[in-house]
Protein chains: 4
Amino acid sequence: MKRSVLAFLAVCCFAASAARAADKPRARDLGVPFDGTPGPGNAITDVRGVTVGHSTIIRGSGKLEVGKGPVRTGVTAVVPRGKATDNDPVFAGWFALNGAGEMTGTTWVEESGFLEGPVMITNTHSVGTVHDATIAWRIKQGEADATGYWWSNPVVAETWDGELNDINGFHVKEANVFEALSTASGGRVAEGSVGGGTGMVCNGFKGGIGTSSRKLSEEAGGYTVGALVQCNYGRKMDLRIAGVPVGREIAGSGTRDDDAGSIIIVVATDAPLLPTQLKRLARRASLGLARDGSIAGNGSGDIFIAFSTANPGAARPTGTVTLTDLPNDRMNPLFSATVQSVEEAIVNAMVAAETMKGADDLVVRALPHDELRRVLKKYNRLVE
Amino acid sequence: MKRSVLAFLAVCCFAASAARAADKPRARDLGVPFDGTPGPGNAITDVRGVTVGHSTIIRGSGKLEVGKGPVRTGVTAVVPRGKATDNDPVFAGWFALNGAGEMTGTTWVEESGFLEGPVMITNTHSVGTVHDATIAWRIKQGEADATGYWWSNPVVAETWDGELNDINGFHVKEANVFEALSTASGGRVAEGSVGGGTGMVCNGFKGGIGTSSRKLSEEAGGYTVGALVQCNYGRKMDLRIAGVPVGREIAGSGTRDDDAGSIIIVVATDAPLLPTQLKRLARRASLGLARDGSIAGNGSGDIFIAFSTANPGAARPTGTVTLTDLPNDRMNPLFSATVQSVEEAIVNAMVAAETMKGADDLVVRALPHDELRRVLKKYNRLVE
Amino acid sequence: MKRSVLAFLAVCCFAASAARAADKPRARDLGVPFDGTPGPGNAITDVRGVTVGHSTIIRGSGKLEVGKGPVRTGVTAVVPRGKATDNDPVFAGWFALNGAGEMTGTTWVEESGFLEGPVMITNTHSVGTVHDATIAWRIKQGEADATGYWWSNPVVAETWDGELNDINGFHVKEANVFEALSTASGGRVAEGSVGGGTGMVCNGFKGGIGTSSRKLSEEAGGYTVGALVQCNYGRKMDLRIAGVPVGREIAGSGTRDDDAGSIIIVVATDAPLLPTQLKRLARRASLGLARDGSIAGNGSGDIFIAFSTANPGAARPTGTVTLTDLPNDRMNPLFSATVQSVEEAIVNAMVAAETMKGADDLVVRALPHDELRRVLKKYNRLVE
Amino acid sequence: MKRSVLAFLAVCCFAASAARAADKPRARDLGVPFDGTPGPGNAITDVRGVTVGHSTIIRGSGKLEVGKGPVRTGVTAVVPRGKATDNDPVFAGWFALNGAGEMTGTTWVEESGFLEGPVMITNTHSVGTVHDATIAWRIKQGEADATGYWWSNPVVAETWDGELNDINGFHVKEANVFEALSTASGGRVAEGSVGGGTGMVCNGFKGGIGTSSRKLSEEAGGYTVGALVQCNYGRKMDLRIAGVPVGREIAGSGTRDDDAGSIIIVVATDAPLLPTQLKRLARRASLGLARDGSIAGNGSGDIFIAFSTANPGAARPTGTVTLTDLPNDRMNPLFSATVQSVEEAIVNAMVAAETMKGADDLVVRALPHDELRRVLKKYNRLVE
């Protein structure tokens, strides 16, 4: 793909997403109650330095023909330190609540304590393309490290969009990966049916990308925690929002109601945490997910990664490094923030996603905002 | 301790517990809504063969003097196959949501896939005594295995009762362990401030032992899942019951409101599951706990073990064995049952526990039943 | 790629490999002493049903130009049940002695206890291509499963051949993956600079693919254990063969002598083992590796997977399954067999690999057979 | 126990041990070749601050009568920062190569990244007593932390001495634990049949406690790594020393020759490592063990812990802390040092241990020094 085409793609798609995002209410705009205080954008990008980019691929309609479409898929990139990421890994930890999915690169995250490069999220059968293209992108950025033994095991995660998307057609291409990476920015994050989340289904309604954040009090250190999810998990009957059994009170979507989905959760913070402590954050993502009703079904790839943007330069190869660390005893506010951000990010994804018609004209209905408000009100939980 | 004294202790304490248990309403008697269908006793003992025994030690009052009391502690034994347990290990798996606690023996559970012997639960500083006494009990039961190399690494778990109990006085003795083991029985399980749960505090109210179960439909295999918890975790502000923010709506207990507690969860099933699958069940206990509001605080030892009573004889040392296994694809009903049983067992513990005065005359208030009902009603969640 | 071309490739390359393999002495032919009794082929394919295929890509010479070559790389496929693999997963377990590498799909192996499909091994920067192509291959084989939710997270492992190979040129293509899979067969396994091992360096000499097996006595069950390695790890100074410090006694290769390599080890057995038990085998691969002198260097991706071909049909989605299991107490002969097979497979790889000239005319010298014999003799370890 | 008696015990036993230790040759004194450069004492106490204490219990002879003896057992304490340990935890990581054993407290090590207190090693059935007594010892040392929620989950590991010792008699008492802790000192470490290692058997000969260390070059940072083992594992037929198959060349001991033992390995360093990095060290202990021939048999509890004395004050509960860290890329010399120290510590244990007669007059023969030298010479490996 030529650079000019890539640039065009990047501009037009990003502009469209941003416009879409700006118009739409988010969960708390609808009156859903959440605990804690969000950051200014209520997004993972509230963690300074973190950028997010999407490439959304929507093409064709009607009967599914493998290799032709319809296509409802994409790629999302979460880049820990923005452009500085390539040469400055972040401390990270990961956790699989239910490992029916893929997040490549985690063996090295576990061993080294570092996430080197972005977290990429796509559909199940495009992991390979995104893997290669993420390496290719890194190579394009310039020189490898001084050892001459440069190698890359990128982190690529996935959920399965094979209901709405021609997943076996392998429609994600290198250009899409480059688009997600090159357009990654701070500020507002497009939610719903965008990027890797384009074709996702969640709790019986349309799912996709969602994000949220929490800002800790100054006594707690003033740190920020942000979560970004690509949600494709769950059964309508299990859906709880703000503790209310919403799934049982709203008529269904006509689509699957089993657990054949997954959820990828990325947690970012600027709190100075060590790898072992970031694994603790990753594990807490489970609890936010549980608040929305998940049972972590057999086929659900519920895989989480947490990183800290603190301690730049921690991976440098010579001499010793000086690190800052927040002791375990002060982590509770970060745990609460993680649980709350994840809980809200999922609902944000569902609130943002719009009804989509995909392969074989399957229609997956969006979570109806008015019905959500009606049910919350019935249970005296609507914030008015 | 002479046998006759032991017998006396066993009879009187068990009778008292049973009487207490029989009189008291449980969570669903108060109108708390829960999902799923419980077994006949709504207890872990609904899993055929599982027995539970308690030894409760309540002695002294007033100012704490280390070694003298007041004593508010005990031991609980969960015995997978009842008396057949000694020579017939069960398949098991374990998981630490937050490892700020102890469950001995898990290294062998992880390696072998078997739980050999009971799960013992006590206070933090009595783990050693219970460990020794559990080995001593096993030795009393008769011959070791044929290898001549008999050894035992018992599973002993703990939560911290140092607010109400003279925990540094080491008041649990071998006789208490023998009492819990020798009185273990099927049927009704005493809940609340009994056994290992005697001095526990949970979500700002009195905690302790709770249990619950689920019976699957015949299409799902007709299996039973039961949970037993020793709950000592959480902050009042986080407490949710049936999705309702109960903790914020009910005035506090006057005791600590941080996370310096823990929860031990034992999950039993008769579904024929392999060790890897039982670890999956153990991990789901996190989700039931999260429904009740936990953030898995830094100091909370949230450690879970799951076992299956199916496949008797699986550990026999010669020849190959024939096993029955339920495929992963059929586990979702077991996952739901685990989440639901754990969610309910915790509330059962809090509902059963009565207000207790302990060391230094500290009073930990029971969760007030009428206020709980009032709050559930306010949020339209009371089952009337 | 057209089928006819593929067929041609398959035939010519396989023929060449087989010829090469047949001519060459293996480690024990040179008089290296090993413990235990190998199977008839002293190869992983001694485990009935297991097939192995390679695609070897050797092209160009001289100065490295990214995207042009020289190319010294390939793909190796280890297929647990041969053609029956697609619809009949095997029980498996994995272990990372040092996770500085990638083996995709392990999160699902860990969760489910199953390996679904082949183990693919290639170079670090071709993991993505091989990942996609392995899914594409599976799609070509026919219908997905009955759920309609078919998805695949293939197991693709790697080591780094960036010294001899234009690794950033992404020269492995879908056709190579199809070649490795379509030509996979039982019987003799080509060793040395073939398949994924083509461009590898090991302990300062030329590395690559090696294999070995052990047949247990009838009293021990008569089972077979086989190992296949793609070896690229280690420093010459650490190399021990049969306990002899060979690396210090033989002049070096002129190439790197650090740990910037890795080793992937695949262990297969027909012993009826559960996933937890197969993880135990995988962990023992460490001990065989250690016998050859490894310190599991920081940059070495030492990642192992073990599977059992017993219990066909264990993953079927409905009803319960009946399994056969060998108790833990009978596993010691399998442990010895694993350690011994791995120890020998590595030496076989080094003995089979021939001196190679690659990128920038770098020459990596083969382990000289006569010098190896000389050193073994010096330490009274040569079998004559 | 009165303080005066304790003092007496401490003095007399320690003096005896020290005398014994001073007289005896160690492995390298016999001409066994090892790689790397040891620290001044070739002991774990070369890591500044680390202290070691033993309590050895040898009593009675003849026929075994449970509760009466003969007694051949004890306790060993490894104290990371000596007396400063109580209030200044060290970063730590652990690993179970084969989890057929117990090391309590590891769940908290894993979660927190800290080892709080000593590592205690005893016999399998005395874990409970040592657990309780280690808490009691800590209580005696003074005030708990400022939170008022002081609790302790001590690290207590074990191996099985039930051949030579009346293990079911529970002969280790609180006084022995206090002796090991109160006499812990730097400098020379008694080896062989002392402390927790008193009744151990290793590779068919008498085992017990052994230690070794390595000092890194200044270019590598000048750090020290030390290992201490309580070795009770292995079969004579598998024993390799310096790569030589010693076990097959020396006539046996008349005792068991299976794997019903275990090995506990403690690795200490002053290199500034994070918990994830210390887990990496712990995992390398496997490789040192493998060099001595282990297959990590089914019943062998091969459990390892590594800690760093760097970064004092890292666990303090308020504010953030500043840490020093050695990057992963500089860890290879530490990995080599760990492998080498463990390899040598085991041989030191076997060389130091003397022939012992225990329960039922069973005699376990010491590894004969002259025969060891003869065999090393045969294989041209004797350092003369």
# chains A, B, ... in the order shown; residues from 1 in each chain; ligands from 1
call {"tool": "interface_residues", "arguments": {"of": "chain A", "to": "chain B", "cutoff": "8 Å", "atoms": "only C-alpha atoms", "output": "PyMOL selection string"}}
result
chain A and resi 97-98+242-244+280+283-284+286-288+290-291+294-299+328-329+331-332+335-336+339+378-381
call {"tool": "residues_around", "arguments": {"residues": "region 117-132 of chain C", "least_positions_apart": "2", "cutoff": "6 Å", "atoms": "only C-alpha atoms", "output": "PyMOL selection string"}}
result
(chain A and resi 128-129+131-132) or (chain C and resi 74-79+85-86+134-135+155-160+170+196)
call {"tool": "write_last_selection", "arguments": {"atoms": "N, CA, C and O atoms", "output": "short mmCIF file (atom, residue, chain, number, x, y, z; two decimals), in the first residue's frame"}}
result
data_model
loop_
_atom_site.label_atom_id
_atom_site.label_comp_id
_atom_site.auth_asym_id
_atom_site.auth_seq_id
_atom_site.Cartn_x
_atom_site.Cartn_y
_atom_site.Cartn_z
N GLY A 128 -2.21 -13.48 13.07
CA GLY A 128 -0.95 -13.66 12.35
C GLY A 128 -0.56 -12.43 11.55
O GLY A 128 0.57 -11.93 11.64
N THR A 129 -1.50 -11.93 10.78
CA THR A 129 -1.23 -10.74 9.97
C THR A 129 -0.81 -9.57 10.86
O THR A 129 0.13 -8.84 10.55
N HIS A 131 0.46 -9.72 13.79
CA HIS A 131 1.75 -10.06 14.38
C HIS A 131 2.88 -9.66 13.44
O HIS A 131 3.78 -8.88 13.81
N ASP A 132 2.82 -10.15 12.23
CA ASP A 132 3.85 -9.81 11.24
C ASP A 132 3.92 -8.30 11.02
O ASP A 132 5.01 -7.72 10.98
N GLY C 74 12.87 -21.63 7.48
CA GLY C 74 11.90 -22.64 7.11
C GLY C 74 10.84 -22.85 8.17
O GLY C 74 10.66 -22.01 9.07
N VAL C 75 10.14 -23.94 8.04
CA VAL C 75 9.05 -24.29 8.95
C VAL C 75 9.10 -25.78 9.22
O VAL C 75 9.34 -26.56 8.30
N THR C 76 8.84 -26.14 10.46
CA THR C 76 8.69 -27.55 10.81
C THR C 76 7.33 -27.75 11.47
O THR C 76 6.91 -26.92 12.29
N ALA C 77 6.66 -28.82 11.08
CA ALA C 77 5.36 -29.16 11.66
C ALA C 77 5.46 -30.49 12.39
O ALA C 77 5.94 -31.47 11.81
N VAL C 78 5.01 -30.50 13.64
CA VAL C 78 4.87 -31.76 14.39
C VAL C 78 3.38 -31.98 14.57
O VAL C 78 2.70 -31.17 15.20
N VAL C 79 2.88 -33.06 13.99
CA VAL C 79 1.43 -33.27 13.92
C VAL C 79 1.07 -34.47 14.79
O VAL C 79 1.42 -35.61 14.46
N THR C 85 -5.53 -35.36 13.21
CA THR C 85 -5.35 -34.30 14.20
C THR C 85 -6.43 -33.24 14.17
O THR C 85 -6.88 -32.74 15.21
N ASP C 86 -6.86 -32.88 12.97
CA ASP C 86 -7.78 -31.75 12.83
C ASP C 86 -8.99 -31.85 13.74
O ASP C 86 -9.42 -30.86 14.32
N THR C 134 -1.57 -21.61 9.15
CA THR C 134 -2.02 -22.83 9.83
C THR C 134 -3.54 -22.82 9.97
O THR C 134 -4.19 -23.86 9.82
N ILE C 135 -4.09 -21.65 10.20
CA ILE C 135 -5.56 -21.54 10.20
C ILE C 135 -6.09 -21.80 8.79
O ILE C 135 -7.05 -22.56 8.60
N VAL C 155 -0.77 -23.32 17.60
CA VAL C 155 0.48 -23.30 18.37
C VAL C 155 1.64 -23.10 17.39
O VAL C 155 1.92 -23.97 16.57
N VAL C 156 2.25 -21.93 17.48
CA VAL C 156 3.37 -21.59 16.61
C VAL C 156 4.52 -21.11 17.49
O VAL C 156 4.37 -20.14 18.24
N ALA C 157 5.65 -21.78 17.38
CA ALA C 157 6.81 -21.44 18.20
C ALA C 157 7.95 -20.99 17.30
O ALA C 157 7.90 -21.19 16.08
N GLU C 158 8.94 -20.41 17.91
CA GLU C 158 10.00 -19.82 17.09
C GLU C 158 11.33 -19.80 17.81
O GLU C 158 11.39 -19.77 19.03
N THR C 159 12.39 -19.77 17.00
CA THR C 159 13.70 -19.34 17.48
C THR C 159 14.26 -18.38 16.43
O THR C 159 13.75 -18.30 15.32
N TRP C 160 15.31 -17.67 16.77
CA TRP C 160 15.78 -16.52 16.00
C TRP C 160 16.96 -16.88 15.11
O TRP C 160 18.02 -17.27 15.62
N PHE C 170 10.88 -11.60 6.00
CA PHE C 170 9.62 -12.36 6.05
C PHE C 170 9.51 -13.35 4.88
O PHE C 170 8.55 -13.34 4.13
N GLY C 196 12.23 -25.43 10.24
CA GLY C 196 12.42 -24.27 11.09
C GLY C 196 13.84 -24.14 11.60
O GLY C 196 14.28 -23.06 11.99
#
call {"tool": "closest_residue", "arguments": {"among": "A:Ala84, A:Ile265, A:Ala92, A:Leu115", "to": "Gly208 (chain A)", "atoms": "only C-alpha atoms"}}
result
A:Ile265
call {"tool": "residues_around", "arguments": {"residues": "Pro89 (chain B)", "least_positions_apart": "6", "cutoff": "9 Å", "atoms": "only C-alpha atoms", "output": "MDAnalysis selection string"}}
result
chainID B and resid 80:81 114:117 309 312:316
call {"tool": "atom_distance", "arguments": {"atom1": "CA of Pro33 (chain A)", "atom2": "CA of Ser213 (chain A)"}}
result
14.4 Å
call {"tool": "residues_around", "arguments": {"residues": "His369 (chain D)", "least_positions_apart": "4", "cutoff": "8 Å", "atoms": "only C-alpha atoms", "output": "ChimeraX atom specification"}}
result
/D:30,351,373
call {"tool": "residues_around", "arguments": {"residues": "region 304-307 of chain A", "least_positions_apart": "3", "cutoff": "6 Å", "atoms": "only C-alpha atoms", "output": "JSON, numbers by chain"}}
result
{"A": [91, 92, 93, 94, 95, 264, 265, 266, 267, 268, 278, 282]}
